[in-house]
Structures are given as C-alpha cells and as structure tokens.
$ cat my_file.txt   # compact mmCIF, C-alpha atoms
# COMPACT_ATOMS: atom_id res chain seq x y z
CA MET A 218 218.36 53.10 28.66
CA GLY A 219 216.22 52.95 31.78
CA ASP A 220 215.63 55.82 34.15
CA ILE A 221 218.93 56.22 35.98
CA THR A 222 217.23 57.94 38.93
CA ALA A 223 215.07 54.87 39.48
CA ARG A 224 218.04 52.61 40.19
CA THR A 225 218.37 51.24 43.70
CA HIS A 226 221.61 50.98 45.64
CA LEU A 227 221.64 47.26 44.76
CA ASP A 228 221.52 48.17 41.06
CA TRP A 229 224.59 50.38 41.48
CA LEU A 230 226.49 47.74 43.46
CA GLU A 231 225.56 45.09 40.90
CA SER A 232 226.72 47.27 38.01
CA GLU A 233 230.06 47.96 39.72
CA ALA A 234 230.65 44.26 40.42
CA ILE A 235 229.80 43.25 36.85
CA TYR A 236 232.17 45.92 35.55
CA ILE A 237 234.96 44.51 37.78
CA LEU A 238 234.29 40.92 36.64
CA ARG A 239 234.45 41.98 32.98
CA GLU A 240 237.64 43.96 33.70
CA VAL A 241 239.21 40.78 35.10
CA ALA A 242 238.14 38.79 32.03
CA ALA A 243 239.53 41.45 29.70
CA GLU A 244 242.84 42.15 31.43
CA CYS A 245 243.92 38.90 33.11
CA GLU A 246 245.26 35.83 31.30
CA ARG A 247 244.30 33.04 33.74
CA PRO A 248 241.74 34.14 36.32
CA VAL A 249 239.81 31.82 38.63
CA LEU A 250 236.74 32.42 40.82
CA LEU A 251 236.96 31.10 44.38
CA PHE A 252 233.72 29.30 45.26
CA SER A 253 233.16 27.80 48.71
CA GLY A 254 229.37 27.46 48.71
CA GLY A 255 229.09 30.44 51.08
CA LYS A 256 226.62 33.28 50.56
CA ASP A 257 229.16 35.77 49.22
CA SER A 258 230.46 33.40 46.57
CA VAL A 259 226.87 32.50 45.65
CA VAL A 260 226.32 36.20 44.97
CA LEU A 261 229.50 36.22 42.86
CA LEU A 262 228.12 33.36 40.74
CA ARG A 263 224.92 35.28 40.05
CA LEU A 264 226.96 38.36 39.10
CA ALA A 265 229.12 36.23 36.79
CA GLU A 266 225.99 34.88 35.15
CA LYS A 267 224.79 38.42 34.49
CA ALA A 268 228.24 39.45 33.25
CA PHE A 269 228.86 36.57 30.81
CA ARG A 270 225.73 34.52 29.99
CA PRO A 271 224.65 33.09 27.60
CA ALA A 272 228.36 32.21 27.15
CA GLY A 273 230.20 30.12 29.71
CA PHE A 274 232.28 31.77 32.41
CA PRO A 275 235.72 32.89 31.12
CA PHE A 276 237.30 31.28 34.19
CA PRO A 277 236.93 28.06 36.20
CA LEU A 278 235.69 27.90 39.78
CA MET A 279 237.98 26.69 42.56
CA HIS A 280 237.41 25.58 46.15
CA ILE A 281 240.23 25.23 48.65
CA ASP A 282 238.72 22.46 50.76
CA THR A 283 239.88 22.14 54.36
CA GLY A 284 238.19 18.75 54.72
CA HIS A 285 236.49 20.19 57.81
CA ASN A 286 233.38 21.50 56.09
CA PHE A 287 229.75 21.21 57.05
CA ASP A 288 228.14 18.44 54.96
CA GLU A 289 225.29 20.75 53.93
CA VAL A 290 227.76 23.18 52.36
CA ILE A 291 229.65 20.60 50.29
CA GLU A 292 226.39 19.08 49.06
CA PHE A 293 225.18 22.55 48.06
CA ARG A 294 228.52 23.39 46.38
CA ASP A 295 228.39 20.34 44.12
CA ARG A 296 224.69 20.75 43.31
CA CYS A 297 225.17 24.42 42.46
CA VAL A 298 228.14 23.80 40.15
CA ALA A 299 226.30 20.96 38.38
CA ALA A 300 223.32 23.24 37.74
CA LEU A 301 225.59 25.94 36.29
CA GLY A 302 227.51 23.48 34.11
CA GLU A 303 230.82 25.16 34.95
CA GLN A 304 234.21 23.63 35.79
CA LEU A 305 235.08 23.27 39.48
CA ILE A 306 238.65 22.69 40.63
CA VAL A 307 239.00 21.36 44.18
CA ARG A 308 242.32 21.41 46.00
CA ASN A 309 242.52 19.89 49.48
CA VAL A 310 244.45 21.02 52.53
CA ALA A 311 244.84 17.30 53.32
CA ASP A 312 247.06 16.96 50.23
CA SER A 313 249.26 19.82 51.46
CA ILE A 314 249.53 18.03 54.80
CA ALA A 315 250.52 14.80 53.01
CA ARG A 316 253.20 16.69 51.04
CA GLY A 317 254.54 18.20 54.26
CA THR A 318 253.94 21.79 53.18
CA VAL A 319 251.35 22.14 55.95
CA VAL A 320 252.22 20.87 59.42
CA LEU A 321 249.62 20.85 62.19
CA ARG A 322 250.30 20.04 65.83
CA ARG A 323 247.18 17.90 66.11
CA GLU A 324 244.87 16.31 63.54
CA THR A 325 241.93 18.23 64.97
CA ASP A 326 243.65 21.65 64.74
CA SER A 327 241.90 24.28 62.63
CA ARG A 328 242.85 24.07 58.97
CA ASN A 329 241.48 27.52 58.19
CA ALA A 330 244.81 29.34 58.10
CA ALA A 331 246.39 26.39 56.27
CA GLN A 332 244.18 27.15 53.27
CA ALA A 333 246.65 29.91 52.35
CA THR A 334 249.37 27.35 51.62
CA THR A 335 247.07 25.16 49.54
CA LEU A 336 245.80 28.22 47.65
CA LEU A 337 249.33 29.36 46.82
CA GLU A 338 250.19 25.84 45.64
CA ALA A 339 247.11 25.83 43.39
CA ILE A 340 247.97 29.27 41.98
CA GLU A 341 251.44 27.99 41.06
CA GLU A 342 250.07 24.70 39.68
CA PHE A 343 247.61 26.39 37.29
CA GLY A 344 249.44 29.68 36.74
CA PHE A 345 246.49 31.77 37.88
CA ASP A 346 247.16 35.52 37.72
CA ALA A 347 243.89 36.60 39.37
CA CYS A 348 241.77 34.97 42.07
CA ILE A 349 238.27 36.43 42.33
CA GLY A 350 236.93 36.25 45.88
CA GLY A 351 233.85 37.25 47.85
CA ALA A 352 235.56 39.22 50.63
CA ARG A 353 233.92 42.48 51.71
CA ARG A 354 235.32 45.51 53.50
CA ASP A 355 232.73 45.41 56.27
CA GLU A 356 233.71 41.91 57.40
CA GLU A 357 236.89 42.70 59.29
CA LYS A 358 239.50 45.44 59.80
CA ALA A 359 242.20 43.94 57.57
CA ARG A 360 239.72 43.49 54.74
CA ALA A 361 238.53 47.08 55.22
CA LYS A 362 241.87 48.44 54.03
CA GLU A 363 242.42 46.05 51.12
CA ARG A 364 241.92 47.26 47.54
CA VAL A 365 239.44 45.78 45.02
CA PHE A 366 242.40 44.62 42.92
CA SER A 367 244.80 43.49 45.64
CA PHE A 368 248.37 42.91 44.46
CA ARG A 369 250.28 39.88 45.73
CA ASN A 370 254.01 39.44 45.13
CA GLU A 371 255.75 36.36 43.72
CA PHE A 372 255.54 34.75 47.16
CA GLY A 373 251.77 35.30 47.29
CA GLN A 374 252.16 37.84 50.07
CA TRP A 375 250.19 41.04 50.65
CA ASP A 376 251.84 44.22 51.89
CA PRO A 377 249.17 46.62 53.20
CA LYS A 378 251.68 49.51 53.06
CA ALA A 379 252.42 48.98 49.36
CA GLN A 380 248.97 48.86 47.84
CA ARG A 381 248.23 50.35 44.45
CA PRO A 382 246.06 53.48 44.31
CA GLU A 383 242.53 52.94 43.00
CA LEU A 384 241.10 56.16 41.59
CA TRP A 385 237.42 56.04 40.72
CA ASN A 386 237.05 52.88 38.59
CA LEU A 387 240.60 52.85 37.23
CA PHE A 388 242.26 49.58 38.24
CA ASN A 389 245.91 48.58 37.76
CA THR A 390 245.91 44.91 36.69
CA LYS A 391 249.55 44.72 35.63
CA VAL A 392 251.45 41.81 37.14
CA HIS A 393 254.72 40.11 36.27
CA LYS A 394 255.23 36.36 35.97
CA GLY A 395 254.67 34.72 39.35
CA GLU A 396 252.76 37.67 40.77
CA ASN A 397 248.98 37.70 41.00
CA MET A 398 245.94 39.68 41.98
CA ARG A 399 243.17 38.95 44.42
CA VAL A 400 240.05 40.64 43.10
CA PHE A 401 237.01 41.44 45.26
CA PRO A 402 234.03 42.60 43.13
CA ILE A 403 231.73 42.92 46.16
CA SER A 404 234.26 44.66 48.39
CA ASN A 405 231.94 47.69 48.71
CA TRP A 406 228.93 45.58 49.72
CA THR A 407 227.80 45.09 53.31
CA GLU A 408 226.35 41.95 54.88
CA LEU A 409 222.94 43.63 54.64
CA ASP A 410 223.45 44.34 50.91
CA VAL A 411 224.31 40.68 50.33
CA TRP A 412 221.13 39.47 52.03
CA GLN A 413 218.99 42.03 50.22
CA TYR A 414 220.50 40.84 46.92
CA ILE A 415 219.89 37.19 47.86
CA GLN A 416 216.26 38.08 48.54
CA ARG A 417 215.87 40.11 45.34
CA GLU A 418 217.45 37.46 43.12
CA GLY A 419 215.85 34.49 44.90
CA LEU A 420 219.24 32.79 45.40
CA SER A 421 219.51 29.39 47.07
CA LEU A 422 221.94 28.86 49.96
CA PRO A 423 223.10 25.98 52.15
CA SER A 424 220.37 25.21 54.69
CA ILE A 425 222.56 26.04 57.70
CA TYR A 426 222.27 29.76 56.90
CA TYR A 427 218.70 29.56 58.20
CA ALA A 428 217.42 28.85 61.71
CA HIS A 429 217.62 25.24 62.85
CA GLU A 430 218.16 23.37 66.11
CA ARG A 431 221.74 22.37 66.89
CA GLN A 432 223.73 21.25 69.91
CA VAL A 433 226.14 24.01 70.88
CA ILE A 434 228.58 24.77 73.66
CA PRO A 435 228.58 28.31 75.12
CA ARG A 436 232.28 29.20 75.20
CA ASN A 437 234.06 32.59 75.38
CA GLY A 438 230.98 34.47 74.24
CA LEU A 439 230.43 32.18 71.21
CA LEU A 440 228.15 29.22 70.54
CA VAL A 441 230.57 26.49 69.49
CA PRO A 442 228.88 23.70 67.50
CA LEU A 443 229.24 20.29 69.14
CA THR A 444 231.13 18.16 66.59
CA PRO A 445 233.93 15.56 66.68
CA LEU A 446 236.33 18.42 65.86
CA THR A 447 234.92 20.69 68.59
CA PRO A 448 234.05 18.38 71.49
CA LEU A 449 233.12 19.29 75.04
CA LYS A 450 235.87 20.40 77.40
CA ASP A 451 235.99 19.51 81.08
CA GLY A 452 233.13 21.16 82.95
CA GLU A 453 231.17 22.11 79.83
CA THR A 454 227.62 21.06 78.95
CA ALA A 455 226.08 21.07 75.49
CA GLU A 456 222.74 22.80 74.92
CA THR A 457 220.20 22.52 72.12
CA ARG A 458 219.61 26.00 70.70
CA THR A 459 217.86 27.47 67.67
CA VAL A 460 220.71 28.97 65.66
CA ARG A 461 221.86 29.94 62.18
CA PHE A 462 225.27 30.53 60.62
CA ARG A 463 226.24 34.02 59.42
CA THR A 464 229.34 32.56 57.72
CA VAL A 465 230.24 29.03 56.69
CA GLY A 466 233.81 27.78 56.90
CA ASP A 467 236.07 25.36 58.71
CA ILE A 468 234.02 23.57 61.39
CA SER A 469 236.82 23.97 63.90
CA CYS A 470 236.54 27.77 63.95
CA THR A 471 233.04 28.69 62.70
CA CYS A 472 230.21 29.30 65.14
CA PRO A 473 226.48 29.90 64.68
CA VAL A 474 224.50 32.69 66.33
CA ALA A 475 221.22 32.42 68.24
CA SER A 476 218.44 33.20 65.79
CA THR A 477 214.96 32.19 64.74
CA ALA A 478 215.30 33.74 61.27
CA GLY A 479 214.20 31.22 58.68
CA SER A 480 214.03 33.36 55.57
CA PRO A 481 216.05 36.12 53.83
CA GLU A 482 213.42 38.65 54.94
CA ALA A 483 213.82 37.70 58.61
CA ILE A 484 217.63 37.70 58.32
CA ILE A 485 217.56 41.17 56.73
CA ALA A 486 215.56 42.40 59.71
CA GLU A 487 218.08 40.88 62.12
CA THR A 488 221.11 42.14 60.22
CA ALA A 489 219.77 45.69 60.05
CA ILE A 490 219.98 46.08 63.83
CA THR A 491 222.98 43.94 64.76
CA THR A 492 225.95 45.71 66.31
CA ILE A 493 228.44 42.84 66.04
CA THR A 494 230.40 42.24 62.85
CA GLU A 495 229.85 39.04 60.93
CA ARG A 496 233.25 37.57 61.69
CA GLY A 497 233.39 38.98 65.21
CA ALA A 498 230.22 37.07 66.05
CA THR A 499 231.16 33.79 64.45
CA ARG A 500 234.89 33.13 63.98
CA MET A 501 237.08 31.75 66.75
CA ASP A 502 240.27 32.28 64.72
CA ASP A 503 239.62 36.04 64.41
CA GLN A 504 239.34 36.39 68.18
CA THR A 505 242.86 35.18 68.94
CA SER A 506 244.29 38.68 68.41
CA GLU A 507 243.46 42.05 66.86
CA ALA A 508 245.72 41.28 63.90
CA SER A 509 244.77 37.66 63.17
CA MET A 510 243.26 38.30 59.74
CA GLU A 511 245.95 40.74 58.62
CA ARG A 512 248.68 38.28 59.59
CA ARG A 513 246.98 35.49 57.60
CA LYS A 514 246.46 37.74 54.59
CA LYS A 515 250.13 38.75 54.55
CA LEU A 516 250.95 35.04 54.26
CA GLY A 517 248.62 34.53 51.32
CA TYR A 518 245.17 34.01 52.81
CA PHE A 519 242.06 35.10 50.91

$ encode --input "my_file.txt" --output "structure tokens"
Amino acid sequence: MGDITARTHLDWLESEAIYILREVAAECERPVLLFSGGKDSVVLLRLAEKAFRPAGFPFPLMHIDTGHNFDEVIEFRDRCVAALGEQLIVRNVADSIARGTVVLRRETDSRNAAQATTLLEAIEEFGFDACIGGARRDEEKARAKERVFSFRNEFGQWDPKAQRPELWNLFNTKVHKGENMRVFPISNWTELDVWQYIQREGLSLPSIYYAHERQVIPRNGLLVPLTPLTPLKDGETAETRTVRFRTVGDISCTCPVASTAGSPEAIIAETAITTITERGATRMDDQTSEASMERRKKLGYF
C-alpha cells in the first residue's frame, strides 16, 4: 500500500468515485451511465475505466440527445465511445415530440427541459434502476442539496424534502419496481477539481471547451452564440469574440464565456479566480428563475 499521507485531494476524490461506481455495479440490477460528451461525463468514463478494466463496463452508456447539440460534441461522443468499445444507447427528444409526449410551442424552443421526458421514457423502456450522472454539488443550488444516491419515485420524480440520509459512505440503494436512483459519483468535486483531473489524466474533450473565435450576441449579461436556433433579435448586432464553453448542452440555452484559455492549465488558472458559477455564467434556462433547476429535477431531469 502506498503512503497514505502522500495522496492528493484528487486521489481521495478519485477513490470515492470509484467506490461509488463499484457500489452501483454491486447493488443495482440494471444501471446505465449517462454520457453526453461533456467534461464531467468524460471524467466519469475515466473513473469507470479505473473501476472495471480490463473487463468491460458493467453497464451501457446512454445519451439523451436533444437534436440541438454542437457538432463538435456529437463527433467527439461517437469517437470516444468507439475508442472505448462500449455500448452507447441514444434516445432522441425528437422521438418524444413525434409521439406527442413532448409538446413545444415552437420548433426552435429549447429542448433542454424536454430531456426529462425522454429520459423517463428510456428508463421505462430498458428497466434501468440506476442512472449514473456527472452532476456536481457546486454547479447549482438544487444540485447542492441532492444526495449522491438520489431516490426517484415510480413517476421519476425527486422530492428534496424526502431524501435518504447518507452517513459517511453508507448508501441506501434499495428501490422497488418502477423506482430508480440517480447516482452522482463526482457530486463532491468542484469545477476546478474536474479540470485538474482532466489535466492530470490527459483526457481529451470536445474542441469547443477551449478558446476559439465565434460570432456571439451580447444579451442579458450572456454571450449567446449566433446559430439558426439563436438568431439575432431586432436591434442586436453579432460580434466575433474569442470564447470557450464551460458547459456543453442544448444550443438554444448554452452560452460561451469570453476567454483566451487554450489548454487545461490556462483554464485551471481562470477557474481558480472566477466568482461566477459554471451554470450561472453559461445557461439561459437557469436564469429564468431562482428555482428553475429544482423544478426541472422534480419532474425527472438529471
């Protein structure tokens, strides 16, 4: 056994996350790992490799695809899964719209919140009892109060007032038929931890995480990317800025930030001094109200 006093904080976080992943594999009948191609789920894949290689993962990967993704992210997702040789299940919000279970006012409306419906349909289709996700407590207030093993009832709903106690590393994985768990192995990590781990492990990411030039529209304190889904409004002018994305998600609600950071080292330096949360700086849907995320999570969101 190595010198325990020589372990870094990343070693401790890694050990905890691997323990949680193995706990899911041991206790749950049909788990699945949610993989979007974003940085947090890339970290989850590396942790799963350390937890289970040289065997294959004891669960498939799944992406709930809004159809409004950045091309760079989808290309990275498919390349990453092919390199791992693991199974990827893709379920599309567009199919939920075709079935009539998701109804949008306009075709260009954000499909971010609609992912909850498609996710719940996929859970029922495959009988998943645990969905492993890359959410972290430091991202947003609603996620800050969610447990590592987050119980969801038979309707896929989360009740923040009826969460199960988590004492030390003792997790309650018991669910009845139709119920499920959302499991967050990196819940205790911060955005800075994630980038330090990406640097340490030499992990690849979609190119849009790093500084690049893009046409954006300054709007309500955000830099909205100019796309067919997010066009100019009357009186607005697009500008070419050097930006990077702190999160990647639905184009209609995900914004980049001004940055010249082109490497994990430069991003770590930026992240260490930022005073704005990751989602607060980048997500239009989380700025609609103080309770936006909590309301979506109660309905089955990640």

$ atom_distance --input "my_file.txt" --atom1 "atom CA of Arg463 of chain A" --atom2 "atom CA of Trp412 of chain A"
10.5 Å

$ closest_atom_pairs --input "my_file.txt" --of "segment 372-413 of chain A" --to "segment 260-281 of chain A" --cutoff "8 Å" --atoms "only C-alpha atoms" --output "Markdown table"
| residue | atom | partner | partner_atom | distance |
| --- | --- | --- | --- | --- |
| A:Pro402 | CA | A:Leu261 | CA | 7.8 |
| A:Ile403 | CA | A:Leu261 | CA | 7.8 |
| A:Val411 | CA | A:Val260 | CA | 7.3 |

$ closest_residue --input "my_file.txt" --among "A:Thr407, A:Asp295, A:Asp228, A:Glu233" --to "Arg353 of chain A" --atoms "all atoms listed in the file"
A:Thr407

$ residues_around --input "my_file.txt" --residues "Pro423 of chain A" --least-positions-apart "2" --cutoff "7 Å" --atoms "all atoms listed in the file" --output "VMD selection string"
chain A and resid 289 to 290 293 425 to 426

$ write_last_selection --input "my_file.txt" --atoms "C-alpha atoms" --output "PDB file, in the coordinates of the input"
ATOM      1  CA  GLU A 289     225.290  20.750  53.930  1.00  0.00           C
ATOM      2  CA  VAL A 290     227.760  23.180  52.360  1.00  0.00           C
ATOM      3  CA  PHE A 293     225.180  22.550  48.060  1.00  0.00           C
ATOM      4  CA  ILE A 425     222.560  26.040  57.700  1.00  0.00           C
ATOM      5  CA  TYR A 426     222.270  29.760  56.900  1.00  0.00           C
TER       6      TYR A 426
END

$ residues_around --input "my_file.txt" --residues "Thr444 of chain A" --least-positions-apart "5" --cutoff "9 Å" --atoms "all atoms listed in the file" --output "list in words"
Gln432, Val433, Leu449, Ile468 and Ser469 of chain A

$ residues_around --input "my_file.txt" --residues "Tyr518 of chain A" --least-positions-apart "3" --cutoff "10 Å" --atoms "only C-alpha atoms" --output "list in words"
Asn329, Ala330, Ala331, Gln332, Ala333, Thr334, Thr335, Leu336, Leu337, Gly373, Gln374, Trp375, Arg399, Met510, Glu511, Arg512, Arg513, Lys514 and Lys515 of chain A

$ closest_residue --input "my_file.txt" --among "A:Lys256, A:Arg458, A:Arg328, A:Arg369" --to "Lys391 of chain A" --atoms "only C-alpha atoms"
A:Arg369

$ closest_residue --input "my_file.txt" --among "A:Ala311, A:Leu443, A:Ile493, A:Ile485" --to "Tyr414 of chain A" --atoms "only C-alpha atoms"
A:Ile485

$ build_atoms --input "my_file.txt" --residues "segment 435-467 of chain A" --atoms "N, CA and C atoms" --output "PDB file, in the coordinates of the input"
ATOM      1  N   PRO A 435     228.233  26.909  74.849  1.00  0.00           N
ATOM      2  CA  PRO A 435     228.580  28.310  75.120  1.00  0.00           C
ATOM      3  C   PRO A 435     230.033  28.394  75.600  1.00  0.00           C
ATOM      4  N   ARG A 436     230.852  29.148  74.852  1.00  0.00           N
ATOM      5  CA  ARG A 436     232.280  29.200  75.200  1.00  0.00           C
ATOM      6  C   ARG A 436     232.861  30.552  74.758  1.00  0.00           C
ATOM      7  N   ASN A 437     233.408  31.302  75.685  1.00  0.00           N
ATOM      8  CA  ASN A 437     234.060  32.590  75.380  1.00  0.00           C
ATOM      9  C   ASN A 437     233.167  33.538  74.580  1.00  0.00           C
ATOM     10  N   GLY A 438     231.892  33.566  74.914  1.00  0.00           N
ATOM     11  CA  GLY A 438     230.980  34.470  74.240  1.00  0.00           C
ATOM     12  C   GLY A 438     230.464  33.971  72.899  1.00  0.00           C
ATOM     13  N   LEU A 439     230.870  32.768  72.483  1.00  0.00           N
ATOM     14  CA  LEU A 439     230.430  32.180  71.210  1.00  0.00           C
ATOM     15  C   LEU A 439     229.608  30.928  71.478  1.00  0.00           C
ATOM     16  N   LEU A 440     228.872  30.488  70.463  1.00  0.00           N
ATOM     17  CA  LEU A 440     228.150  29.220  70.540  1.00  0.00           C
ATOM     18  C   LEU A 440     228.895  28.231  69.639  1.00  0.00           C
ATOM     19  N   VAL A 441     229.741  27.428  70.249  1.00  0.00           N
ATOM     20  CA  VAL A 441     230.570  26.490  69.490  1.00  0.00           C
ATOM     21  C   VAL A 441     229.729  25.264  69.137  1.00  0.00           C
ATOM     22  N   PRO A 442     229.658  24.892  67.850  1.00  0.00           N
ATOM     23  CA  PRO A 442     228.880  23.700  67.500  1.00  0.00           C
ATOM     24  C   PRO A 442     229.530  22.442  68.068  1.00  0.00           C
ATOM     25  N   LEU A 443     228.712  21.552  68.602  1.00  0.00           N
ATOM     26  CA  LEU A 443     229.240  20.290  69.140  1.00  0.00           C
ATOM     27  C   LEU A 443     229.484  19.333  67.974  1.00  0.00           C
ATOM     28  N   THR A 444     230.748  19.066  67.683  1.00  0.00           N
ATOM     29  CA  THR A 444     231.130  18.160  66.590  1.00  0.00           C
ATOM     30  C   THR A 444     232.343  17.354  67.049  1.00  0.00           C
ATOM     31  N   PRO A 445     232.717  16.302  66.314  1.00  0.00           N
ATOM     32  CA  PRO A 445     233.930  15.560  66.680  1.00  0.00           C
ATOM     33  C   PRO A 445     235.174  16.444  66.689  1.00  0.00           C
ATOM     34  N   LEU A 446     235.176  17.517  65.897  1.00  0.00           N
ATOM     35  CA  LEU A 446     236.330  18.420  65.860  1.00  0.00           C
ATOM     36  C   LEU A 446     236.279  19.464  66.968  1.00  0.00           C
ATOM     37  N   THR A 447     235.094  19.699  67.508  1.00  0.00           N
ATOM     38  CA  THR A 447     234.920  20.690  68.590  1.00  0.00           C
ATOM     39  C   THR A 447     234.127  20.042  69.728  1.00  0.00           C
ATOM     40  N   PRO A 448     234.757  19.105  70.431  1.00  0.00           N
ATOM     41  CA  PRO A 448     234.050  18.380  71.490  1.00  0.00           C
ATOM     42  C   PRO A 448     233.944  19.208  72.778  1.00  0.00           C
ATOM     43  N   LEU A 449     233.232  18.655  73.725  1.00  0.00           N
ATOM     44  CA  LEU A 449     233.120  19.290  75.040  1.00  0.00           C
ATOM     45  C   LEU A 449     234.469  19.300  75.744  1.00  0.00           C
ATOM     46  N   LYS A 450     234.723  20.354  76.512  1.00  0.00           N
ATOM     47  CA  LYS A 450     235.870  20.400  77.400  1.00  0.00           C
ATOM     48  C   LYS A 450     235.399  20.092  78.817  1.00  0.00           C
ATOM     49  N   ASP A 451     236.341  19.827  79.693  1.00  0.00           N
ATOM     50  CA  ASP A 451     235.990  19.510  81.080  1.00  0.00           C
ATOM     51  C   ASP A 451     235.119  20.617  81.675  1.00  0.00           C
ATOM     52  N   GLY A 452     234.001  20.205  82.289  1.00  0.00           N
ATOM     53  CA  GLY A 452     233.130  21.160  82.950  1.00  0.00           C
ATOM     54  C   GLY A 452     232.083  21.791  82.057  1.00  0.00           C
ATOM     55  N   GLU A 453     232.147  21.512  80.747  1.00  0.00           N
ATOM     56  CA  GLU A 453     231.170  22.110  79.830  1.00  0.00           C
ATOM     57  C   GLU A 453     229.964  21.201  79.628  1.00  0.00           C
ATOM     58  N   THR A 454     228.845  21.794  79.250  1.00  0.00           N
ATOM     59  CA  THR A 454     227.620  21.060  78.950  1.00  0.00           C
ATOM     60  C   THR A 454     227.058  21.572  77.628  1.00  0.00           C
ATOM     61  N   ALA A 455     226.672  20.657  76.766  1.00  0.00           N
ATOM     62  CA  ALA A 455     226.080  21.070  75.490  1.00  0.00           C
ATOM     63  C   ALA A 455     224.613  21.420  75.678  1.00  0.00           C
ATOM     64  N   GLU A 456     224.134  22.374  74.883  1.00  0.00           N
ATOM     65  CA  GLU A 456     222.740  22.800  74.920  1.00  0.00           C
ATOM     66  C   GLU A 456     222.167  22.749  73.509  1.00  0.00           C
ATOM     67  N   THR A 457     220.862  22.448  73.418  1.00  0.00           N
ATOM     68  CA  THR A 457     220.200  22.520  72.120  1.00  0.00           C
ATOM     69  C   THR A 457     219.606  23.908  71.945  1.00  0.00           C
ATOM     70  N   ARG A 458     220.062  24.634  70.944  1.00  0.00           N
ATOM     71  CA  ARG A 458     219.610  26.000  70.700  1.00  0.00           C
ATOM     72  C   ARG A 458     219.111  26.128  69.257  1.00  0.00           C
ATOM     73  N   THR A 459     218.261  27.111  69.038  1.00  0.00           N
ATOM     74  CA  THR A 459     217.860  27.470  67.670  1.00  0.00           C
ATOM     75  C   THR A 459     218.864  28.497  67.163  1.00  0.00           C
ATOM     76  N   VAL A 460     219.591  28.142  66.119  1.00  0.00           N
ATOM     77  CA  VAL A 460     220.710  28.970  65.660  1.00  0.00           C
ATOM     78  C   VAL A 460     220.710  29.035  64.130  1.00  0.00           C
ATOM     79  N   ARG A 461     221.533  29.921  63.616  1.00  0.00           N
ATOM     80  CA  ARG A 461     221.860  29.940  62.180  1.00  0.00           C
ATOM     81  C   ARG A 461     223.297  30.407  62.029  1.00  0.00           C
ATOM     82  N   PHE A 462     223.899  30.117  60.879  1.00  0.00           N
ATOM     83  CA  PHE A 462     225.270  30.530  60.620  1.00  0.00           C
ATOM     84  C   PHE A 462     225.263  31.813  59.791  1.00  0.00           C
ATOM     85  N   ARG A 463     226.074  32.797  60.218  1.00  0.00           N
ATOM     86  CA  ARG A 463     226.240  34.020  59.420  1.00  0.00           C
ATOM     87  C   ARG A 463     227.345  33.818  58.391  1.00  0.00           C
ATOM     88  N   THR A 464     228.309  32.938  58.684  1.00  0.00           N
ATOM     89  CA  THR A 464     229.340  32.560  57.720  1.00  0.00           C
ATOM     90  C   THR A 464     229.440  31.043  57.751  1.00  0.00           C
ATOM     91  N   VAL A 465     229.967  30.461  56.678  1.00  0.00           N
ATOM     92  CA  VAL A 465     230.240  29.030  56.690  1.00  0.00           C
ATOM     93  C   VAL A 465     231.715  28.841  56.340  1.00  0.00           C
ATOM     94  N   GLY A 466     232.390  27.993  57.114  1.00  0.00           N
ATOM     95  CA  GLY A 466     233.810  27.780  56.900  1.00  0.00           C
ATOM     96  C   GLY A 466     234.243  26.523  57.618  1.00  0.00           C
ATOM     97  N   ASP A 467     235.510  26.497  58.004  1.00  0.00           N
ATOM     98  CA  ASP A 467     236.070  25.360  58.710  1.00  0.00           C
ATOM     99  C   ASP A 467     235.282  25.121  60.011  1.00  0.00           C
TER     100      ASP A 467
END
